[in-house]
>>> print(open('work.pdb').read())   # PDB, C-alpha atoms, pLDDT in the B column
ATOM      1  CA  GLY A  22      -2.853  -6.273 -10.115  1.00 60.00           C
ATOM      2  CA  PHE A  23       0.872  -6.605 -10.731  1.00 79.00           C
ATOM      3  CA  PHE A  24       3.068  -4.740 -13.139  1.00 89.00           C
ATOM      4  CA  PRO A  25       6.097  -6.045 -14.998  1.00 93.00           C
ATOM      5  CA  GLY A  26       9.492  -4.475 -14.312  1.00 94.00           C
ATOM      6  CA  PRO A  27       9.936  -0.732 -14.954  1.00 96.00           C
ATOM      7  CA  GLU A  28      11.754  -1.138 -18.278  1.00 97.00           C
ATOM      8  CA  LYS A  29       9.076  -3.386 -19.775  1.00 96.00           C
ATOM      9  CA  LEU A  30       6.230  -1.367 -18.304  1.00 96.00           C
ATOM     10  CA  ASN A  31       7.617   1.954 -19.531  1.00 97.00           C
ATOM     11  CA  TYR A  32       8.053   0.460 -23.006  1.00 97.00           C
ATOM     12  CA  GLU A  33       4.443  -0.764 -23.104  1.00 96.00           C
ATOM     13  CA  LEU A  34       3.094   2.506 -21.711  1.00 96.00           C
ATOM     14  CA  LYS A  35       4.963   4.556 -24.288  1.00 97.00           C
ATOM     15  CA  LEU A  36       3.560   2.413 -27.118  1.00 97.00           C
ATOM     16  CA  ARG A  37       0.059   3.236 -25.945  1.00 97.00           C
ATOM     17  CA  ASN A  38       0.660   6.808 -24.781  1.00 98.00           C
ATOM     18  CA  LEU A  39      -0.443   5.860 -21.246  1.00 97.00           C
ATOM     19  CA  LYS A  40       0.713   6.809 -17.755  1.00 96.00           C
ATOM     20  CA  ILE A  41       0.418   5.019 -14.430  1.00 93.00           C
ATOM     21  CA  ALA A  42      -1.369   7.072 -11.760  1.00 94.00           C
ATOM     22  CA  GLY A  43      -0.349   4.823  -8.900  1.00 94.00           C
ATOM     23  CA  GLN A  44      -0.138   1.307  -7.590  1.00 93.00           C
ATOM     24  CA  TRP A  45      -1.585  -0.564  -4.637  1.00 93.00           C
ATOM     25  CA  PHE A  46       0.674  -1.310  -1.675  1.00 96.00           C
ATOM     26  CA  SER A  47      -0.398  -3.870   0.935  1.00 94.00           C
ATOM     27  CA  SER A  48       1.005  -2.519   4.186  1.00 96.00           C
ATOM     28  CA  PHE A  49       1.707  -4.574   7.297  1.00 97.00           C
ATOM     29  CA  ILE A  50       2.846  -1.922   9.771  1.00 98.00           C
ATOM     30  CA  ILE A  51       1.046  -3.514  12.714  1.00 97.00           C
ATOM     31  CA  ARG A  52       2.111  -7.070  11.872  1.00 96.00           C
ATOM     32  CA  ASP A  53       5.725  -6.392  10.846  1.00 97.00           C
ATOM     33  CA  GLY A  54       6.590  -3.134  12.596  1.00 97.00           C
ATOM     34  CA  ILE A  55       7.420   0.217  11.064  1.00 97.00           C
ATOM     35  CA  GLU A  56      11.029  -0.573  10.149  1.00 97.00           C
ATOM     36  CA  LYS A  57      10.313  -3.726   8.129  1.00 97.00           C
ATOM     37  CA  ALA A  58       7.138  -2.310   6.582  1.00 98.00           C
ATOM     38  CA  SER A  59       8.967   0.890   5.633  1.00 98.00           C
ATOM     39  CA  ALA A  60      11.724  -1.047   3.868  1.00 98.00           C
ATOM     40  CA  ALA A  61       9.089  -2.694   1.663  1.00 97.00           C
ATOM     41  CA  PHE A  62       7.391   0.659   1.087  1.00 98.00           C
ATOM     42  CA  GLU A  63      10.678   2.279   0.067  1.00 98.00           C
ATOM     43  CA  LYS A  64      11.119  -0.386  -2.641  1.00 97.00           C
ATOM     44  CA  HIS A  65       7.558   0.310  -3.748  1.00 97.00           C
ATOM     45  CA  CYS A  66       8.323   4.034  -4.048  1.00 98.00           C
ATOM     46  CA  GLN A  67      11.462   3.292  -6.029  1.00 98.00           C
ATOM     47  CA  PHE A  68       9.362   1.330  -8.502  1.00 97.00           C
ATOM     48  CA  LEU A  69       6.747   4.100  -8.706  1.00 97.00           C
ATOM     49  CA  LYS A  70       9.460   6.678  -9.375  1.00 98.00           C
ATOM     50  CA  ALA A  71      10.932   4.470 -12.117  1.00 97.00           C
ATOM     51  CA  VAL A  72       7.564   4.342 -13.911  1.00 97.00           C
ATOM     52  CA  ASN A  73       6.691   8.000 -13.226  1.00 97.00           C
ATOM     53  CA  ALA A  74       3.667   7.155 -11.079  1.00 97.00           C
ATOM     54  CA  PRO A  75       2.878   9.961  -8.607  1.00 98.00           C
ATOM     55  CA  ILE A  76       0.718   8.095  -6.076  1.00 98.00           C
ATOM     56  CA  ALA A  77       1.240   5.178  -3.696  1.00 97.00           C
ATOM     57  CA  VAL A  78      -2.128   3.667  -2.785  1.00 96.00           C
ATOM     58  CA  VAL A  79      -1.667   2.205   0.702  1.00 97.00           C
ATOM     59  CA  SER A  80      -3.913  -0.144   2.653  1.00 95.00           C
ATOM     60  CA  GLU A  81      -3.042  -1.670   6.033  1.00 96.00           C
ATOM     61  CA  GLN A  82      -3.681  -5.387   5.638  1.00 94.00           C
ATOM     62  CA  THR A  83      -2.851  -6.671   9.127  1.00 94.00           C
ATOM     63  CA  TYR A  84      -5.801  -8.831  10.303  1.00 91.00           C
ATOM     64  CA  THR A  85      -7.626  -8.485   6.984  1.00 87.00           C
ATOM     65  CA  ILE A  86     -10.559 -10.811   6.427  1.00 85.00           C
ATOM     66  CA  GLN A  87     -10.933  -9.920   2.758  1.00 79.00           C
ATOM     67  CA  GLN A  88     -11.507 -12.933   0.540  1.00 75.00           C
ATOM     68  CA  SER A  89     -12.420 -14.987   3.613  1.00 77.00           C
ATOM     69  CA  ASP A  90     -15.352 -17.330   3.281  1.00 80.00           C
ATOM     70  CA  SER A  91     -15.556 -17.814   7.046  1.00 83.00           C
ATOM     71  CA  LYS A  92     -15.930 -14.162   8.189  1.00 84.00           C
ATOM     72  CA  ASN A  93     -18.489 -11.489   7.412  1.00 82.00           C
ATOM     73  CA  ILE A  94     -16.948  -8.094   6.557  1.00 78.00           C
ATOM     74  CA  PHE A  95     -19.939  -6.258   8.043  1.00 82.00           C
ATOM     75  CA  THR A  96     -20.200  -8.031  11.387  1.00 83.00           C
ATOM     76  CA  GLU A  97     -16.760  -9.577  11.952  1.00 85.00           C
ATOM     77  CA  LYS A  98     -14.318  -7.007  10.603  1.00 85.00           C
ATOM     78  CA  PRO A  99     -11.160  -6.534  12.674  1.00 88.00           C
ATOM     79  CA  TYR A 100     -10.621  -3.568  14.981  1.00 90.00           C
ATOM     80  CA  PHE A 101      -7.303  -2.060  15.982  1.00 94.00           C
ATOM     81  CA  THR A 102      -6.486  -1.246  19.580  1.00 96.00           C
ATOM     82  CA  ASP A 103      -5.595   2.328  20.508  1.00 97.00           C
ATOM     83  CA  GLN A 104      -1.933   1.285  20.605  1.00 97.00           C
ATOM     84  CA  GLU A 105      -2.212  -0.277  17.123  1.00 97.00           C
ATOM     85  CA  TRP A 106      -3.841   2.888  15.766  1.00 96.00           C
ATOM     86  CA  ASP A 107      -0.968   4.939  17.193  1.00 97.00           C
ATOM     87  CA  GLU A 108       1.565   2.593  15.563  1.00 97.00           C
ATOM     88  CA  LEU A 109      -0.305   2.669  12.253  1.00 97.00           C
ATOM     89  CA  CYS A 110      -0.467   6.472  12.227  1.00 97.00           C
ATOM     90  CA  LYS A 111       3.259   6.737  12.990  1.00 98.00           C
ATOM     91  CA  GLY A 112       3.981   4.280  10.199  1.00 98.00           C
ATOM     92  CA  LEU A 113       1.767   6.064   7.684  1.00 98.00           C
ATOM     93  CA  ASN A 114       3.416   9.384   8.527  1.00 98.00           C
ATOM     94  CA  HIS A 115       6.773   7.710   7.972  1.00 98.00           C
ATOM     95  CA  TYR A 116       5.521   6.411   4.626  1.00 98.00           C
ATOM     96  CA  GLY A 117       4.703  10.016   3.738  1.00 98.00           C
ATOM     97  CA  GLU A 118       8.287  11.025   4.519  1.00 98.00           C
ATOM     98  CA  ILE A 119       9.653   8.208   2.372  1.00 98.00           C
ATOM     99  CA  ALA A 120       7.288   8.980  -0.500  1.00 98.00           C
ATOM    100  CA  ALA A 121       8.194  12.684  -0.400  1.00 98.00           C
ATOM    101  CA  LYS A 122      11.831  11.794  -1.144  1.00 98.00           C
ATOM    102  CA  TYR A 123      10.618  10.397  -4.470  1.00 98.00           C
ATOM    103  CA  GLY A 124       8.085  13.128  -5.228  1.00 98.00           C
ATOM    104  CA  ILE A 125       5.229  10.700  -4.551  1.00 98.00           C
ATOM    105  CA  LYS A 126       2.016  11.245  -2.579  1.00 98.00           C
ATOM    106  CA  VAL A 127       0.359   8.648  -0.363  1.00 98.00           C
ATOM    107  CA  ALA A 128      -3.351   7.890  -0.669  1.00 97.00           C
ATOM    108  CA  TYR A 129      -4.779   5.695   2.100  1.00 95.00           C
ATOM    109  CA  HIS A 130      -7.379   3.181   0.971  1.00 91.00           C
ATOM    110  CA  HIS A 131      -9.422   1.246   3.503  1.00 83.00           C
ATOM    111  CA  HIS A 132     -11.496  -1.840   2.864  1.00 77.00           C
ATOM    112  CA  MET A 133     -14.482  -3.183   4.758  1.00 78.00           C
ATOM    113  CA  GLY A 134     -12.500  -6.272   5.697  1.00 78.00           C
ATOM    114  CA  THR A 135      -9.523  -4.441   7.163  1.00 85.00           C
ATOM    115  CA  GLY A 136      -9.043  -2.745  10.538  1.00 83.00           C
TER     116      GLY A 136
END
>>> encode(input="work.pdb", output="structure tokens")
Amino acid sequence: GFFPGPEKLNYELKLRNLKIAGQWFSSFIIRDGIEKASAAFEKHCQFLKAVNAPIAVVSEQTYTIQQSDSKNIFTEKPYFTDQEWDELCKGLNHYGEIAAKYGIKVAYHHHMGTG
């Protein structure tokens, strides 16, 4: 799930005539706040731009129970409060603004074990 640095990755991609469509980004807007989460997302977009990947695949991971042996994703998944949903939506819209500066689109990806 992790790529090497842009120079190495671009070299390997060129050898194989491949392109990167996008890369996963674990977001923590609710846990860390929009400012801190956005700083991490900006670095992510810089990497995507450097490897010519047009899509940032974002998933909010605050409260995730994925890979937990003690919680059931169908019956014990986390729920966000109305205030948390508002914060998440503001943050995701801000991600869209950041991504647009780099010519990148944001695709939101939920998981059963996330909010």
>>> atom_distance(input="work.pdb", atom1="CA of Ser48 (chain A)", atom2="CA of His130 (chain A)")
10.6 Å
>>> resolve_selection(input="work.pdb", expression="the PyMOL selection byres ((chain A and resi 94) around 12)", output="MDAnalysis selection string")
chainID A and resid 84:93 95:100 132:136
>>> resolve_selection(input="work.pdb", expression="the PyMOL selection byres ((chain A and resi 108-120) around 12)", output="NGL selection string")
:A and (46 or 48-70 or 74-83 or 101-107 or 121-130 or 136)
>>> residues_around(input="work.pdb", residues="Pro25 (chain A)", least_positions_apart="3", cutoff="12 Å", atoms="all atoms listed in the file", output="ChimeraX atom specification")
/A:22,28-34,68-69,71-72
>>> resolve_selection(input="work.pdb", expression="the PyMOL selection byres ((chain A and resi 41) around 8)", output="number ranges by chain")
A: 39-40, 42-44, 72-74
>>> axis_aligned_box(input="work.pdb", around="region 67-86 of chain A", padding_each_side="4 Å", output="JSON")
{"center_x": 0.5, "center_y": -0.4, "center_z": -1.8, "size_x": 30.0, "size_y": 28.8, "size_z": 32.2}
>>> decode(input="work.pdb", residues="region 82-97 of chain A", atoms="N, CA and C atoms", output="mmCIF file, in the first residue's frame")
data_model
loop_
_atom_site.group_PDB
_atom_site.id
_atom_site.type_symbol
_atom_site.label_atom_id
_atom_site.label_comp_id
_atom_site.auth_asym_id
_atom_site.auth_seq_id
_atom_site.Cartn_x
_atom_site.Cartn_y
_atom_site.Cartn_z
ATOM 1 N N GLN A 82 -10.645 8.197 8.843
ATOM 2 C CA GLN A 82 -10.312 7.046 9.677
ATOM 3 C C GLN A 82 -10.490 7.282 11.179
ATOM 4 N N THR A 83 -10.960 8.460 11.565
ATOM 5 C CA THR A 83 -11.232 8.702 12.982
ATOM 6 C C THR A 83 -12.253 7.677 13.470
ATOM 7 N N TYR A 84 -11.960 7.038 14.581
ATOM 8 C CA TYR A 84 -12.807 6.015 15.229
ATOM 9 C C TYR A 84 -12.873 4.691 14.480
ATOM 10 N N THR A 85 -12.077 4.494 13.446
ATOM 11 C CA THR A 85 -12.184 3.252 12.690
ATOM 12 C C THR A 85 -12.033 2.019 13.583
ATOM 13 N N ILE A 86 -12.783 0.989 13.232
ATOM 14 C CA ILE A 86 -12.640 -0.297 13.919
ATOM 15 C C ILE A 86 -12.145 -1.370 12.944
ATOM 16 N N GLN A 87 -11.684 -0.935 11.783
ATOM 17 C CA GLN A 87 -11.129 -1.868 10.814
ATOM 18 C C GLN A 87 -9.956 -2.610 11.446
ATOM 19 N N GLN A 88 -9.819 -3.846 11.084
ATOM 20 C CA GLN A 88 -8.744 -4.705 11.583
ATOM 21 C C GLN A 88 -8.810 -4.881 13.099
ATOM 22 N N SER A 89 -9.990 -4.710 13.672
ATOM 23 C CA SER A 89 -10.178 -4.919 15.104
ATOM 24 C C SER A 89 -10.806 -6.287 15.317
ATOM 25 N N ASP A 90 -10.195 -7.060 16.182
ATOM 26 C CA ASP A 90 -10.759 -8.372 16.495
ATOM 27 C C ASP A 90 -11.865 -8.277 17.544
ATOM 28 N N SER A 91 -11.953 -7.124 18.217
ATOM 29 C CA SER A 91 -12.895 -7.010 19.329
ATOM 30 C C SER A 91 -14.217 -6.332 18.950
ATOM 31 N N LYS A 92 -14.332 -5.788 17.725
ATOM 32 C CA LYS A 92 -15.561 -5.099 17.323
ATOM 33 C C LYS A 92 -16.074 -5.660 16.002
ATOM 34 N N ASN A 93 -17.375 -5.695 15.877
ATOM 35 C CA ASN A 93 -18.034 -6.183 14.677
ATOM 36 C C ASN A 93 -18.393 -4.993 13.789
ATOM 37 N N ILE A 94 -17.925 -5.003 12.527
ATOM 38 C CA ILE A 94 -18.152 -3.856 11.644
ATOM 39 C C ILE A 94 -19.619 -3.678 11.269
ATOM 40 N N PHE A 95 -20.436 -4.716 11.440
ATOM 41 C CA PHE A 95 -21.848 -4.606 11.095
ATOM 42 C C PHE A 95 -22.686 -4.084 12.256
ATOM 43 N N THR A 96 -22.321 -4.440 13.464
ATOM 44 C CA THR A 96 -23.155 -4.071 14.616
ATOM 45 C C THR A 96 -22.507 -3.040 15.545
ATOM 46 N N GLU A 97 -21.211 -2.807 15.401
ATOM 47 C CA GLU A 97 -20.524 -1.899 16.322
ATOM 48 C C GLU A 97 -19.744 -0.797 15.615
#
